[in-house]
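So this block is my_file29.txt, compact mmCIF, C-alpha atoms:
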```txt
# COMPACT_ATOMS: atom_id res chain seq x y z
CA MET A 21 16.38 -25.15 15.60
CA ARG A 22 18.91 -23.93 13.01
CA ARG A 23 21.32 -26.66 14.08
CA PHE A 24 18.58 -29.26 13.71
CA LEU A 25 17.78 -28.04 10.19
CA LYS A 26 21.45 -28.19 9.19
CA LEU A 27 21.67 -31.73 10.56
CA PHE A 28 18.49 -32.71 8.73
CA VAL A 29 19.68 -31.29 5.40
CA PHE A 30 23.07 -32.95 5.78
CA SER A 31 21.46 -36.30 6.65
CA LEU A 32 19.11 -36.04 3.69
CA PHE A 33 21.97 -35.19 1.34
CA PHE A 34 24.07 -38.06 2.71
CA ALA A 35 21.18 -40.52 2.34
CA CYS A 36 20.67 -39.44 -1.28
CA PHE A 37 24.39 -39.78 -1.93
CA LEU A 38 24.40 -43.30 -0.49
CA LEU A 39 21.44 -44.30 -2.63
CA TRP A 40 23.17 -43.00 -5.73
CA ILE A 41 26.57 -44.61 -5.22
CA THR A 42 25.06 -47.98 -4.18
CA GLY A 43 23.02 -48.27 -7.37
CA TYR A 44 19.66 -47.22 -5.98
CA GLY A 45 19.50 -43.85 -7.72
CA TYR A 46 16.41 -45.06 -9.61
CA ILE A 47 14.52 -44.54 -6.32
CA PHE A 48 14.38 -40.82 -7.12
CA TYR A 49 12.52 -41.63 -10.34
CA GLY A 50 10.23 -43.91 -8.37
CA LEU A 51 9.49 -41.12 -5.92
CA ARG A 52 8.24 -38.90 -8.73
CA ALA A 53 6.29 -41.57 -10.59
CA THR A 54 4.84 -43.48 -7.66
CA TYR A 55 5.55 -42.64 -4.05
CA LEU A 56 4.99 -38.88 -4.20
CA ARG A 57 1.60 -39.71 -5.75
CA PHE A 58 0.89 -41.63 -2.54
CA GLU A 59 0.91 -44.92 -4.42
CA LYS A 60 2.66 -48.04 -3.18
CA THR A 61 3.57 -49.42 -6.58
CA ALA A 62 3.33 -48.89 -10.35
CA GLN A 63 0.05 -47.71 -11.90
CA ILE A 64 -1.82 -48.10 -15.19
CA ASP A 65 -1.27 -44.45 -16.19
CA ASP A 66 2.53 -44.52 -15.82
CA ALA A 67 3.21 -43.88 -19.52
CA LYS A 68 3.27 -40.14 -18.76
CA PHE A 69 6.33 -40.62 -16.54
CA PHE A 70 8.45 -42.48 -19.10
CA TYR A 71 9.83 -42.01 -22.57
CA ASN A 72 7.77 -44.04 -25.03
CA ASP A 73 7.99 -45.34 -28.57
CA THR A 74 4.82 -45.24 -30.63
CA VAL A 75 3.51 -48.54 -31.98
CA PHE A 76 1.35 -47.40 -34.86
CA GLY A 77 -2.14 -48.71 -35.48
CA SER A 78 -3.72 -49.65 -38.78
CA GLU A 79 -4.92 -47.14 -41.37
CA ARG A 80 -7.82 -49.52 -41.96
CA PRO A 81 -8.55 -50.81 -38.44
CA PHE A 82 -10.78 -53.72 -37.60
CA VAL A 83 -14.01 -52.52 -35.99
CA TRP A 84 -15.84 -54.82 -33.62
CA LYS A 85 -19.44 -55.48 -34.62
CA LYS A 86 -22.03 -55.22 -31.89
CA ALA A 87 -24.07 -58.38 -31.45
CA ARG A 88 -27.85 -58.36 -31.58
CA VAL A 89 -27.77 -59.01 -27.84
CA TYR A 90 -25.19 -56.26 -27.20
CA ASN A 91 -25.36 -55.17 -23.54
CA ASN A 92 -28.73 -56.92 -23.13
CA LEU A 93 -27.45 -58.82 -20.11
CA SER A 94 -26.41 -56.71 -17.15
CA LEU A 95 -23.63 -57.74 -14.81
CA SER A 96 -24.83 -59.35 -11.62
CA ASP A 97 -24.81 -57.09 -8.59
CA SER A 98 -22.08 -59.18 -6.96
CA LEU A 99 -19.79 -58.98 -10.00
CA ASN A 100 -20.52 -55.31 -10.61
CA ASN A 101 -19.69 -54.54 -6.98
CA LEU A 102 -16.47 -56.54 -7.20
CA LEU A 103 -15.38 -54.77 -10.39
CA GLU A 104 -16.13 -51.39 -8.85
CA LYS A 105 -14.33 -52.32 -5.63
CA ASN A 106 -11.26 -53.23 -7.68
CA LYS A 107 -11.44 -49.94 -9.60
CA THR A 108 -12.07 -51.56 -12.96
CA SER A 109 -11.76 -49.21 -15.92
CA SER A 110 -12.85 -51.51 -18.78
CA PHE A 111 -14.69 -54.80 -19.03
CA LEU A 112 -15.78 -56.32 -22.31
CA VAL A 113 -16.81 -59.67 -23.73
CA VAL A 114 -16.57 -60.82 -27.35
CA LYS A 115 -18.54 -63.87 -28.47
CA ASN A 116 -18.36 -65.29 -32.01
CA ASP A 117 -16.42 -62.22 -33.17
CA GLU A 118 -19.05 -59.76 -31.92
CA LEU A 119 -19.18 -57.49 -28.88
CA VAL A 120 -21.82 -58.80 -26.50
CA LEU A 121 -20.86 -56.78 -23.42
CA GLU A 122 -18.97 -53.52 -23.05
CA LYS A 123 -18.71 -51.43 -19.90
CA TYR A 124 -16.42 -48.62 -18.80
CA TRP A 125 -15.90 -46.80 -15.52
CA GLU A 126 -14.97 -43.27 -16.56
CA GLU A 127 -13.42 -42.37 -13.21
CA HIS A 128 -10.80 -45.10 -13.62
CA LEU A 129 -9.95 -44.72 -17.31
CA THR A 130 -6.56 -43.27 -18.21
CA GLN A 131 -6.68 -39.83 -19.77
CA ASN A 132 -5.08 -40.90 -23.05
CA ASN A 133 -7.06 -44.16 -23.33
CA LYS A 134 -3.80 -46.06 -23.03
CA SER A 135 -3.62 -48.35 -20.04
CA ASN A 136 -0.46 -50.13 -18.93
CA SER A 137 -0.68 -53.82 -19.77
CA PHE A 138 2.09 -54.66 -17.30
CA SER A 139 2.97 -58.34 -17.77
CA MET A 140 0.45 -58.85 -20.55
CA ALA A 141 3.35 -57.45 -22.57
CA LYS A 142 5.17 -60.75 -22.01
CA GLY A 143 2.61 -62.53 -24.18
CA ILE A 144 2.80 -59.78 -26.80
CA LEU A 145 6.58 -60.10 -26.91
CA SER A 146 6.21 -63.86 -27.33
CA LEU A 147 3.99 -63.37 -30.39
CA LEU A 148 6.58 -60.97 -31.83
CA VAL A 149 9.21 -63.67 -31.35
CA GLY A 150 6.89 -65.98 -33.29
CA CYS A 151 6.73 -63.40 -36.09
CA ALA A 152 10.53 -63.07 -36.09
CA ILE A 153 10.88 -66.84 -36.43
CA ASP A 154 8.42 -66.80 -39.34
CA ASP A 155 10.44 -64.02 -41.00
CA GLY A 156 13.75 -65.83 -40.55
CA TYR A 157 15.24 -63.31 -38.13
CA LEU A 158 15.43 -66.07 -35.50
CA SER A 159 16.12 -69.70 -36.34
CA GLY A 160 13.62 -70.85 -33.69
CA LEU A 161 12.91 -70.91 -29.99
CA ASP A 162 16.06 -72.95 -29.48
CA VAL A 163 18.37 -70.11 -30.58
CA PRO A 164 20.98 -69.72 -27.79
CA VAL A 165 21.13 -66.47 -25.82
CA LYS A 166 24.92 -66.80 -26.07
CA SER A 167 24.70 -66.26 -29.82
CA VAL A 168 23.64 -62.66 -29.14
CA PHE A 169 25.15 -62.05 -25.70
CA PRO A 170 28.32 -64.20 -25.44
CA SER A 171 29.64 -62.31 -22.42
CA LEU A 172 26.81 -63.35 -20.09
CA SER A 173 27.80 -65.66 -17.26
CA PHE A 174 25.65 -68.77 -17.62
CA TYR A 175 25.14 -71.66 -15.21
CA GLY A 176 27.34 -74.60 -16.16
CA GLU A 177 27.92 -75.77 -19.69
CA LYS A 178 25.55 -78.74 -19.99
CA LYS A 179 22.69 -76.90 -21.66
CA GLU A 180 22.42 -73.59 -23.50
CA VAL A 181 19.94 -70.98 -22.27
CA THR A 182 17.63 -70.39 -25.23
CA MET A 183 15.04 -67.84 -26.31
CA GLY A 184 12.42 -70.45 -25.48
CA ASP A 185 13.78 -70.79 -21.94
CA LEU A 186 13.49 -67.03 -21.45
CA LEU A 187 9.90 -66.89 -22.68
CA ASN A 188 8.96 -70.02 -20.74
CA MET A 189 10.42 -68.78 -17.43
CA THR A 190 12.81 -71.72 -17.29
CA ALA A 191 16.10 -69.87 -17.80
CA GLY A 192 17.48 -70.48 -14.31
CA LEU A 193 18.05 -66.77 -13.75
CA ASN A 194 19.13 -65.46 -10.36
CA TRP A 195 16.07 -63.26 -9.79
CA LYS A 196 13.36 -62.78 -7.17
CA GLU A 197 10.13 -61.19 -8.39
CA SER A 198 8.70 -58.52 -6.06
CA TYR A 199 6.23 -55.72 -6.81
CA TYR A 200 6.07 -53.74 -3.59
CA ASN A 201 9.72 -53.63 -2.50
CA PRO A 202 11.27 -50.37 -3.80
CA PHE A 203 14.75 -51.85 -3.33
CA GLY A 204 13.95 -55.09 -5.15
CA ILE A 205 15.17 -56.04 -8.61
CA THR A 206 11.71 -55.68 -10.18
CA ALA A 207 11.41 -52.05 -9.07
CA ARG A 208 14.96 -51.39 -10.23
CA PHE A 209 14.06 -52.73 -13.67
CA TYR A 210 10.86 -50.67 -13.82
CA TYR A 211 12.50 -47.34 -12.96
CA THR A 212 16.07 -47.70 -14.24
CA LYS A 213 17.45 -45.62 -17.09
CA ASP A 214 19.77 -48.39 -18.31
CA LEU A 215 18.07 -51.77 -18.70
CA THR A 216 20.78 -53.08 -21.00
CA ASP A 217 23.47 -52.61 -18.38
CA LEU A 218 21.40 -54.49 -15.81
CA VAL A 219 20.66 -57.30 -18.25
CA LEU A 220 24.30 -57.72 -19.26
CA ASN A 221 25.19 -58.23 -15.60
CA PHE A 222 22.72 -61.09 -15.12
CA ARG A 223 23.75 -64.26 -13.33
CA PHE A 224 22.18 -67.72 -13.62
CA ASN A 225 21.97 -70.08 -10.67
CA SER A 226 20.34 -73.25 -12.02
CA GLU A 227 20.19 -75.42 -15.10
CA PRO A 228 17.85 -74.06 -17.81
CA GLY A 229 14.81 -75.87 -19.14
CA LYS A 230 14.09 -77.72 -15.91
CA SER A 231 11.57 -75.80 -13.81
CA PHE A 232 9.30 -72.76 -13.97
CA VAL A 233 10.21 -69.68 -11.93
CA TYR A 234 8.39 -66.45 -12.83
CA GLN A 235 11.03 -63.82 -13.62
CA SER A 236 10.38 -60.55 -15.44
CA GLY A 237 14.11 -60.26 -16.03
CA ALA A 238 14.02 -63.32 -18.29
CA THR A 239 11.46 -61.64 -20.55
CA GLN A 240 13.50 -58.43 -20.60
CA LEU A 241 16.55 -60.36 -21.73
CA ALA A 242 14.41 -61.92 -24.49
CA SER A 243 13.19 -58.44 -25.44
CA ILE A 244 16.69 -56.96 -25.74
CA MET A 245 17.85 -60.07 -27.57
CA LEU A 246 15.04 -59.75 -30.13
CA ASP A 247 15.65 -56.01 -30.46
CA SER A 248 19.36 -56.61 -31.11
CA VAL A 249 18.56 -59.08 -33.87
CA LEU A 250 16.00 -56.74 -35.43
CA ILE A 251 18.37 -53.76 -35.37
CA LYS A 252 20.90 -55.81 -37.33
CA ASN A 253 18.15 -56.32 -39.91
CA GLY A 254 17.32 -52.63 -40.25
CA THR A 255 14.41 -52.24 -37.86
CA SER A 256 13.72 -52.07 -34.11
CA LEU A 257 11.37 -53.76 -31.67
CA SER A 258 8.76 -50.97 -31.68
CA GLU A 259 8.94 -50.55 -35.45
CA TYR A 260 8.60 -54.28 -35.92
CA ALA A 261 5.69 -54.40 -33.47
CA SER A 262 4.00 -51.65 -35.52
CA ASP A 263 4.51 -53.04 -39.01
CA ARG A 264 4.50 -56.75 -38.36
CA PHE A 265 1.92 -57.05 -35.58
CA TRP A 266 -0.15 -54.09 -34.33
CA LYS A 267 -1.19 -52.85 -37.77
CA LYS A 268 -1.80 -56.37 -39.01
CA ILE A 269 -4.26 -57.29 -36.27
CA GLY A 270 -6.30 -54.19 -37.13
CA ALA A 271 -5.49 -52.10 -34.06
CA LYS A 272 -7.40 -48.82 -34.21
CA GLU A 273 -5.29 -46.64 -31.94
CA ASN A 274 -1.56 -46.14 -31.69
CA ALA A 275 -0.08 -47.91 -28.69
CA LEU A 276 2.86 -46.81 -26.55
CA TRP A 277 5.77 -48.94 -25.46
CA SER A 278 7.70 -47.43 -22.56
CA LEU A 279 11.48 -47.10 -22.81
CA ASP A 280 14.16 -47.02 -20.15
CA ASN A 281 15.45 -43.71 -21.49
CA LEU A 282 15.23 -41.34 -24.44
CA GLY A 283 16.21 -43.46 -27.44
CA GLY A 284 16.65 -46.44 -25.13
CA VAL A 285 15.24 -49.96 -25.15
CA GLU A 286 11.66 -51.10 -24.72
CA LYS A 287 10.52 -52.46 -21.38
CA GLY A 288 9.56 -55.76 -22.93
CA PHE A 289 8.62 -57.33 -19.61
CA CYS A 290 5.86 -54.76 -19.12
CA CYS A 291 4.62 -51.39 -20.22
CA PHE A 292 2.83 -51.85 -23.54
CA HIS A 293 0.00 -49.30 -23.29
CA SER A 294 -3.30 -49.56 -25.15
CA ASN A 295 -7.08 -49.92 -24.63
CA ALA A 296 -9.53 -52.77 -24.12
CA LEU A 297 -10.93 -52.88 -27.67
CA ASP A 298 -7.48 -53.15 -29.24
CA PHE A 299 -6.15 -55.54 -26.60
CA ALA A 300 -9.10 -57.80 -27.45
CA LYS A 301 -7.72 -58.11 -31.00
CA ILE A 302 -4.75 -60.00 -29.58
CA GLY A 303 -7.22 -62.50 -28.20
CA ARG A 304 -8.90 -62.61 -31.60
CA LEU A 305 -5.58 -63.43 -33.26
CA PHE A 306 -5.09 -66.25 -30.77
CA LEU A 307 -8.60 -67.62 -31.38
CA ASN A 308 -7.97 -67.57 -35.13
CA ASN A 309 -4.70 -69.50 -34.76
CA GLY A 310 -2.54 -66.59 -35.86
CA PHE A 311 -4.69 -65.36 -38.76
CA PHE A 312 -6.33 -61.99 -39.40
CA LYS A 313 -8.78 -61.84 -42.32
CA ASN A 314 -7.28 -64.96 -43.90
CA LYS A 315 -3.77 -63.50 -43.66
CA GLN A 316 -1.28 -65.14 -41.35
CA VAL A 317 0.26 -62.79 -38.78
CA VAL A 318 2.01 -65.47 -36.73
CA SER A 319 2.24 -69.14 -37.64
CA SER A 320 -0.42 -71.52 -36.37
CA SER A 321 2.36 -73.83 -35.23
CA TYR A 322 3.59 -71.11 -32.84
CA ILE A 323 0.09 -70.69 -31.39
CA GLN A 324 -0.03 -74.47 -30.94
CA LYS A 325 3.24 -74.33 -29.00
CA ILE A 326 1.59 -71.87 -26.61
CA LYS A 327 -1.46 -74.11 -26.29
CA ASN A 328 0.67 -77.13 -25.42
CA PRO A 329 2.94 -76.29 -22.48
CA ASN A 330 6.04 -78.43 -22.09
CA ILE A 331 7.34 -77.62 -18.61
CA CYS A 332 4.32 -76.88 -16.45
CA ASP A 333 0.60 -76.92 -17.20
CA PHE A 334 -0.18 -73.30 -16.29
CA TYR A 335 2.29 -71.20 -18.33
CA SER A 336 3.57 -71.38 -21.87
CA TYR A 337 5.70 -68.80 -23.70
CA GLY A 338 4.24 -65.69 -22.05
CA TRP A 339 0.66 -66.98 -21.81
CA TRP A 340 -1.10 -68.38 -18.75
CA ILE A 341 -3.40 -71.39 -18.83
CA THR A 342 -6.19 -72.43 -16.45
CA THR A 343 -9.57 -74.16 -16.40
CA VAL A 344 -12.87 -72.48 -15.57
CA ASN A 345 -16.09 -74.52 -15.54
CA ASN A 346 -14.24 -77.30 -17.38
CA TYR A 347 -13.22 -74.95 -20.19
CA ASP A 348 -9.59 -74.30 -21.06
CA VAL A 349 -8.73 -70.62 -20.71
CA PHE A 350 -5.59 -69.07 -22.21
CA TYR A 351 -4.89 -65.61 -20.90
CA LEU A 352 -2.53 -62.68 -20.77
CA ARG A 353 -2.13 -61.45 -17.21
CA GLY A 354 -0.78 -58.17 -15.91
CA PHE A 355 -0.20 -56.60 -12.51
CA LEU A 356 -3.25 -54.99 -10.85
CA GLY A 357 -5.58 -57.28 -12.79
CA GLN A 358 -5.03 -56.64 -16.49
CA TYR A 359 -6.41 -59.55 -18.52
CA VAL A 360 -7.07 -60.76 -22.04
CA ALA A 361 -8.68 -64.18 -21.60
CA VAL A 362 -9.50 -66.51 -24.49
CA VAL A 363 -11.84 -69.52 -24.31
CA PRO A 364 -11.46 -71.38 -27.64
CA ASP A 365 -14.25 -73.91 -27.03
CA LYS A 366 -16.78 -71.09 -26.61
CA ASN A 367 -15.19 -68.62 -29.03
CA ILE A 368 -15.07 -66.03 -26.27
CA ILE A 369 -12.65 -63.20 -25.45
CA VAL A 370 -12.78 -61.33 -22.14
CA VAL A 371 -10.82 -58.16 -21.39
CA ARG A 372 -10.57 -56.58 -17.96
CA LEU A 373 -8.41 -53.52 -17.24
CA GLY A 374 -8.23 -51.60 -14.00
CA LYS A 375 -6.35 -50.15 -11.07
CA LYS A 376 -6.64 -52.82 -8.42
CA GLU A 377 -6.74 -56.54 -7.73
CA GLU A 378 -6.37 -58.79 -4.71
CA LYS A 379 -2.76 -58.73 -3.60
CA ILE A 380 -1.12 -62.09 -4.20
CA ASP A 381 2.43 -63.36 -4.04
CA ALA A 382 4.35 -63.23 -7.31
CA SER A 383 5.00 -66.98 -6.99
CA ASN A 384 1.26 -67.73 -6.99
CA HIS A 385 0.57 -69.44 -10.29
CA SER A 386 -3.22 -69.42 -10.05
CA PRO A 387 -5.27 -66.33 -10.96
CA PRO A 388 -6.97 -64.59 -8.04
CA TYR A 389 -10.54 -64.90 -6.83
CA SER A 390 -11.88 -61.99 -8.91
CA PHE A 391 -10.69 -63.59 -12.17
CA PHE A 392 -12.72 -66.73 -11.48
CA VAL A 393 -15.74 -64.63 -10.49
CA PHE A 394 -15.94 -62.72 -13.78
CA MET A 395 -14.95 -65.69 -15.93
CA ASN A 396 -17.57 -67.90 -14.25
CA GLU A 397 -20.29 -65.35 -14.92
CA VAL A 398 -19.24 -64.83 -18.54
CA LEU A 399 -19.14 -68.56 -19.26
CA LYS A 400 -22.50 -69.04 -17.56
CA ASN A 401 -24.23 -66.25 -19.51
CA TYR A 402 -22.57 -66.59 -22.90
```

Turn this file's structure into structure tokens for me.
Amino acid sequence: MRRFLKLFVFSLFFACFLLWITGYGYIFYGLRATYLRFEKTAQIDDAKFFYNDTVFGSERPFVWKKARVYNNLSLSDSLNNLLEKNKTSSFLVVKNDELVLEKYWEEHLTQNNKSNSFSMAKGILSLLVGCAIDDGYLSGLDVPVKSVFPSLSFYGEKKEVTMGDLLNMTAGLNWKESYYNPFGITARFYYTKDLTDLVLNFRFNSEPGKSFVYQSGATQLASIMLDSVLIKNGTSLSEYASDRFWKKIGAKENALWSLDNLGGVEKGFCCFHSNALDFAKIGRLFLNNGFFKNKQVVSSSYIQKIKNPNICDFYSYGWWITTVNNYDVFYLRGFLGQYVAVVPDKNIIVVRLGKKEEKIDASNHSPPYSFFVFMNEVLKNY
């Protein structure tokens, strides 16, 4: 028995050593944050496991008015059952700038009222890029990545990889998106303590600007690129997000943006943490073509770029696009079913946050069944 224990301890130590020297040391962080919680992947309450920067809310926040018909219509039994099955924490509908439906499932809410947006952060980062263009920090979406990171090894020399390519998922990056493989690049990015090092070792395997391939790494490169430019101008990504965006859309609560390490860089491809009522204000900004109370936060021309995709018809600069009941829907989409959906023709915003969604392949460009169920019901009733 003693010999067996010695062999077991030695084998465990050797396995840990191998993980560390082969670059998989982040697995130990993943064990603490995910696997030892008996979870298979990242969760909406992960902010407590990471260092975070605070993105400060407004001192005079926008408060949603409740419509005369507020919560008059109950969810259908089929939709309510589906939302409960998928462990929904928040579901709300805004129509004509007023709350018409608001429902929470207390057992699924995060303790600090800050839920991980996951890839909804990609659309937030895109709007921050729009702000930086407006402020002159970036010359435009066509600014070359090489102008900030000249040492990166790009594919060929025919066409520069640009900020727009990164946001549009057309950068030609050598990357395979995977959410359940602990040894995959996506998990490595989520748990690593040095995102910048990983980014600066990127390789590209196809010509940019040609075809859509969903790659969180492309957004992270855009995030670090924007942060580098902002630092040169005396601010940082989280500070800029506070002063130039979150406060200006009337956010009530401070948000959190997870970092790779203490004093490190923001996880721009994910991990912006807030609540449904404040997330809905991003949808409101989109509906109002970049304006908040007659003050421009991001240029209307940038919103129009998002509304008019130029590579594929379902994704544009961090925002997804689909059609429900013949209405165009522009939406932020995050892992496990985080959504801010905007329907301009009906002046509607829908927010759904929660812990679960139908498992689909990362290459699936269409939203899952549950999205169409709740959007159909909302558009039918409102």

Task: Using all atoms listed in the file: which of A:Val114, A:Ala191, A:Leu241, A:Val83 has the shortest distance to A:Val398 - done: A:Val114

Task: Among listed residues A:Leu121, A:Met395, A:Ala242, A:Leu187, nearest A:Val165 (using only C-alpha atoms) - done: A:Ala242

Task: Contacts of A:Thr74 within 7 Å, all atoms listed in the file, excl. fewer than 3 positions in-chain, as a list in words - done: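 Counting only the stated atoms, we get Asn274, Ala275, Leu276 and Trp277 of chain A.
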
Open item on the list: Which residue is closest to A:Asn221? Choose from A:Tyr260, A:Tyr359, A:Tyr199, A:Phe174 and count all atoms listed in the file.
Closed with: A:Phe174

Task: Selected residue of minimal separation from A:Ala296 among A:Pro81, A:Gly192, A:Gly374, A:Gly310, counting all atoms listed in the file - done: A:Gly374

Open item on the list: Taking only C-alpha atoms into account, name the residue in A:Gly303, A:Pro329, A:Gly77, A:Pro388 that is nearest to A:Ile144.
Closed with: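 Between A:Gly303, A:Pro329, A:Gly77, A:Pro388, the residue approaching A:Ile144 most closely is A:Gly303.
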
Open item on the list: List the spatial neighbours of stretch 86-95 of chain A as a PyMOL selection string - criterion: any atom at most 12 Å away, only C-alpha atoms, same-chain residues fewer than 5 positions off excluded.
Closed with: chain A and resi 100-104+111-123+393-398+400-402

Since the input has fewer atoms than a full residue there, write stretch 183-195 of chain A out with N, CA, C and O atoms, as a PDB file, in the frame of the given file.
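Contents of the output file selection-v7.pdb:
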```
ATOM      1  N   MET A 183      16.158 -68.780 -26.265  1.00  0.00           N
ATOM      2  CA  MET A 183      15.040 -67.840 -26.310  1.00  0.00           C
ATOM      3  C   MET A 183      13.788 -68.487 -25.715  1.00  0.00           C
ATOM      4  O   MET A 183      13.035 -67.853 -24.971  1.00  0.00           O
ATOM      5  N   GLY A 184      13.569 -69.741 -26.024  1.00  0.00           N
ATOM      6  CA  GLY A 184      12.420 -70.450 -25.480  1.00  0.00           C
ATOM      7  C   GLY A 184      12.452 -70.535 -23.965  1.00  0.00           C
ATOM      8  O   GLY A 184      11.417 -70.392 -23.300  1.00  0.00           O
ATOM      9  N   ASP A 185      13.641 -70.758 -23.399  1.00  0.00           N
ATOM     10  CA  ASP A 185      13.780 -70.790 -21.940  1.00  0.00           C
ATOM     11  C   ASP A 185      13.383 -69.447 -21.327  1.00  0.00           C
ATOM     12  O   ASP A 185      12.734 -69.386 -20.280  1.00  0.00           O
ATOM     13  N   LEU A 186      13.815 -68.373 -21.972  1.00  0.00           N
ATOM     14  CA  LEU A 186      13.490 -67.030 -21.450  1.00  0.00           C
ATOM     15  C   LEU A 186      11.991 -66.791 -21.458  1.00  0.00           C
ATOM     16  O   LEU A 186      11.421 -66.309 -20.479  1.00  0.00           O
ATOM     17  N   LEU A 187      11.336 -67.122 -22.569  1.00  0.00           N
ATOM     18  CA  LEU A 187       9.900 -66.890 -22.680  1.00  0.00           C
ATOM     19  C   LEU A 187       9.090 -67.826 -21.790  1.00  0.00           C
ATOM     20  O   LEU A 187       7.985 -67.504 -21.361  1.00  0.00           O
ATOM     21  N   ASN A 188       9.661 -68.996 -21.517  1.00  0.00           N
ATOM     22  CA  ASN A 188       8.960 -70.020 -20.740  1.00  0.00           C
ATOM     23  C   ASN A 188       9.229 -69.936 -19.244  1.00  0.00           C
ATOM     24  O   ASN A 188       8.739 -70.749 -18.476  1.00  0.00           O
ATOM     25  N   MET A 189      10.055 -68.950 -18.836  1.00  0.00           N
ATOM     26  CA  MET A 189      10.420 -68.780 -17.430  1.00  0.00           C
ATOM     27  C   MET A 189      11.176 -69.996 -16.887  1.00  0.00           C
ATOM     28  O   MET A 189      10.982 -70.404 -15.737  1.00  0.00           O
ATOM     29  N   THR A 190      12.026 -70.569 -17.715  1.00  0.00           N
ATOM     30  CA  THR A 190      12.810 -71.720 -17.290  1.00  0.00           C
ATOM     31  C   THR A 190      14.309 -71.482 -17.517  1.00  0.00           C
ATOM     32  O   THR A 190      15.062 -72.421 -17.748  1.00  0.00           O
ATOM     33  N   ALA A 191      14.720 -70.220 -17.464  1.00  0.00           N
ATOM     34  CA  ALA A 191      16.100 -69.870 -17.800  1.00  0.00           C
ATOM     35  C   ALA A 191      17.091 -70.104 -16.672  1.00  0.00           C
ATOM     36  O   ALA A 191      18.293 -70.108 -16.884  1.00  0.00           O
ATOM     37  N   GLY A 192      16.577 -70.298 -15.443  1.00  0.00           N
ATOM     38  CA  GLY A 192      17.480 -70.480 -14.310  1.00  0.00           C
ATOM     39  C   GLY A 192      18.156 -69.202 -13.868  1.00  0.00           C
ATOM     40  O   GLY A 192      19.257 -69.214 -13.314  1.00  0.00           O
ATOM     41  N   LEU A 193      17.490 -68.084 -14.078  1.00  0.00           N
ATOM     42  CA  LEU A 193      18.050 -66.770 -13.750  1.00  0.00           C
ATOM     43  C   LEU A 193      18.063 -66.529 -12.243  1.00  0.00           C
ATOM     44  O   LEU A 193      17.153 -66.958 -11.523  1.00  0.00           O
ATOM     45  N   ASN A 194      19.062 -65.839 -11.774  1.00  0.00           N
ATOM     46  CA  ASN A 194      19.130 -65.460 -10.360  1.00  0.00           C
ATOM     47  C   ASN A 194      18.295 -64.194 -10.177  1.00  0.00           C
ATOM     48  O   ASN A 194      18.780 -63.072 -10.359  1.00  0.00           O
ATOM     49  N   TRP A 195      17.035 -64.369  -9.810  1.00  0.00           N
ATOM     50  CA  TRP A 195      16.070 -63.260  -9.790  1.00  0.00           C
ATOM     51  C   TRP A 195      14.937 -63.578  -8.833  1.00  0.00           C
ATOM     52  O   TRP A 195      14.415 -64.697  -8.835  1.00  0.00           O
TER      53      TRP A 195
END
```
